[in-house]
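> One structure is given below, represented as structure tokens, and several questions about it will come after.
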Amino acid sequence: MEKREIIPKSVLLRRKAFNIIFLTLNWVAVAAGLSVLFWILGYLTLKGVQGLSIDLFTKVGGDPNGGGLLHAFVGHAIISTLTVLIGVPVGILIGIYLSEYARYSRFGKLLSDVSDIMLAIPSIVVGVFVYIILVKPLGNFNAVAGAVALAILMIPVILKTTQNMLLLVPDTLREAAIALGAPKWKVILSVVLPAARFGILTGIILGIARIIGETAPLLFTSFNNNFLNFDIFKPMATLTVTIYQYALSPFPEWQKQAFAAALILTVLVLAATLTAKFVIARRHRI
């Protein structure tokens, strides 16, 4: 029978002391971080509620003494919709390609590494890039360029999520379907994608949350507009750029509207994040 090593009491006391010290430091760091977070959210909520009104959602801006942000809400919705229409299919298709067709190829590895880099690329760089390839040749700012810039930021999020979720699907499911005589495209559509649907949906929601609050790319692409505009080939207002311009303005009414719009955007991002967590939790329950 082996003898247990007897740890000196002094060593045990020293370990307990270090444990208490570092645990205390961790709690202090958590408290400091949460305090700053709640202070920011509290201040934003307090200032934002003051700017909420019916006019904010029904009137067009431009008047320093009043008006609203209807043009920014409509423009933000249009550009976000265009972004989803571009980014979601492209991200899912590339994720499927990397997982199902190029899993072991050098090109697939290179493409996967590039997508990892794209996840961390500064958004303003994307804005400048799209400005050079879309805005400058067309001669004017436009909503399509804004949607393309945001889609470039969204695609890597959806791509990586789709790829990782598909890789989690057991190969035995694919082999069983292939053994029954199903072609590969049918296996992907009928077996692999349904098995990973919750993970892919989570990636889409996180991708939307990623781009919904972006400002820098839109400054170089869609720019802004103080009027209600539905032409996607002309400058179009967005909430983020309007917040930026109104917050820097000397007019108190515009500053109130900027805080109100910032509060609304924060709530939208929070809702998207909570929805993603709900989808993940439901997936684990199933």
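So you can find residues: chains in the structure tokens are A, B, ... in the order shown, residues in each start at 1, and ligands are numbered from 1 in order.
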List as an NGL selection string the protein and nucleic acid residues near region 202-207 of chain A, meaning an atom at most 8 Å away when only C-alpha atoms are counted, but skip any in the same chain fewer than 4 places from it.
:A and (88 or 154-155 or 157-158 or 161-162 or 198 or 211 or 272-273 or 275-277 or 279-280)
> Deliver the residues from the most recent selection as a file, using N, CA and C atoms, as an mmCIF file, in the first residue's frame.

```
data_model
loop_
_atom_site.group_PDB
_atom_site.id
_atom_site.type_symbol
_atom_site.label_atom_id
_atom_site.label_comp_id
_atom_site.auth_asym_id
_atom_site.auth_seq_id
_atom_site.Cartn_x
_atom_site.Cartn_y
_atom_site.Cartn_z
ATOM 1 N N VAL A 88 -25.407 36.329 -46.119
ATOM 2 C CA VAL A 88 -25.843 35.024 -45.611
ATOM 3 C C VAL A 88 -25.637 33.910 -46.636
ATOM 4 N N MET A 154 -19.638 40.582 -42.444
ATOM 5 C CA MET A 154 -20.542 39.539 -41.968
ATOM 6 C C MET A 154 -20.140 38.145 -42.437
ATOM 7 N N ILE A 155 -19.649 38.043 -43.659
ATOM 8 C CA ILE A 155 -19.378 36.739 -44.261
ATOM 9 C C ILE A 155 -18.433 35.874 -43.422
ATOM 10 N N VAL A 157 -17.968 35.692 -40.249
ATOM 11 C CA VAL A 157 -18.652 35.185 -39.050
ATOM 12 C C VAL A 157 -19.540 34.004 -39.414
ATOM 13 N N ILE A 158 -20.350 34.172 -40.459
ATOM 14 C CA ILE A 158 -21.256 33.096 -40.886
ATOM 15 C C ILE A 158 -20.465 31.929 -41.455
ATOM 16 N N THR A 161 -18.789 29.902 -38.583
ATOM 17 C CA THR A 161 -19.804 29.191 -37.809
ATOM 18 C C THR A 161 -20.355 28.017 -38.595
ATOM 19 N N THR A 162 -20.667 28.243 -39.879
ATOM 20 C CA THR A 162 -21.186 27.165 -40.722
ATOM 21 C C THR A 162 -20.172 26.044 -40.857
ATOM 22 N N PHE A 198 -29.329 24.611 -36.305
ATOM 23 C CA PHE A 198 -29.342 25.544 -35.180
ATOM 24 C C PHE A 198 -28.020 26.305 -35.075
ATOM 25 N N ILE A 211 -22.763 43.468 -37.606
ATOM 26 C CA ILE A 211 -22.762 44.602 -38.544
ATOM 27 C C ILE A 211 -23.787 45.676 -38.221
ATOM 28 N N ALA A 272 -30.455 40.533 -30.464
ATOM 29 C CA ALA A 272 -29.842 39.562 -31.370
ATOM 30 C C ALA A 272 -28.946 38.586 -30.614
ATOM 31 N N THR A 273 -28.168 39.101 -29.660
ATOM 32 C CA THR A 273 -27.279 38.244 -28.871
ATOM 33 C C THR A 273 -28.074 37.264 -28.014
ATOM 34 N N THR A 275 -31.089 36.207 -28.597
ATOM 35 C CA THR A 275 -31.712 35.244 -29.500
ATOM 36 C C THR A 275 -30.739 34.140 -29.875
ATOM 37 N N ALA A 276 -29.490 34.529 -30.147
ATOM 38 C CA ALA A 276 -28.468 33.524 -30.466
ATOM 39 C C ALA A 276 -28.250 32.574 -29.300
ATOM 40 N N LYS A 277 -28.212 33.109 -28.083
ATOM 41 C CA LYS A 277 -28.042 32.250 -26.905
ATOM 42 C C LYS A 277 -29.236 31.327 -26.720
ATOM 43 N N VAL A 279 -31.157 30.163 -29.134
ATOM 44 C CA VAL A 279 -31.062 29.127 -30.161
ATOM 45 C C VAL A 279 -30.052 28.062 -29.752
ATOM 46 N N ILE A 280 -28.905 28.497 -29.206
ATOM 47 C CA ILE A 280 -27.892 27.541 -28.752
ATOM 48 C C ILE A 280 -28.439 26.671 -27.627
#
```
> Which residues come within 12 Å of Val90 (chain A), counting only C-alpha atoms, excluding same-chain residues fewer than 4 positions away, as a PyMOL selection string?
chain A and resi 83-86+94-97+148+151-160+162+204
> Which one of A:Pro8, A:Gly67, A:Gly108, A:Pro170 sits closest to Ala196 (chain A) if you count only C-alpha atoms?
A:Pro170
> Could you state the separation of CA of Val144 (chain A) and CA of Ala120 (chain A) in Å, given to one decimal place?
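So the two atoms, CA of Val144 (chain A) and CA of Ala120 (chain A), lie 23.1 Å apart.
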> Contacts of region 222-239 of chain A at 10 Å or less, counting only C-alpha atoms, minus same-chain residues fewer than 5 places along, as a ChimeraX atom specification?
/A:59-63,69-80,82,127,131,135,138,140-147,149,212-217,244-245,258,261-262,264-265
> So that I can see what lies close to region 172-179 of chain A, please list as a list in words the residues with an atom at most 12 Å from it, counting only C-alpha atoms and leaving out residues fewer than 2 positions away in the same chain.
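Once the adjacent positions are removed, what remains is Glu100, Leu166, Leu167, Leu168, Val169, Pro170, Gly181, Ala182, Pro183, Lys184, Trp185, Lys186, Val187, Ile188, Leu189, Ser190, Val191, Val192, Leu193, Pro194 and Ala195 of chain A.
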> Which residues in region 10-247 of chain A does DSSP call helix (DSSP H, G or I)? List them as a ChimeraX atom specification.
/A:10-51,54-58,70-101,106-119,123-138,143-168,171-179,184-195,197-211,216-220,239-247
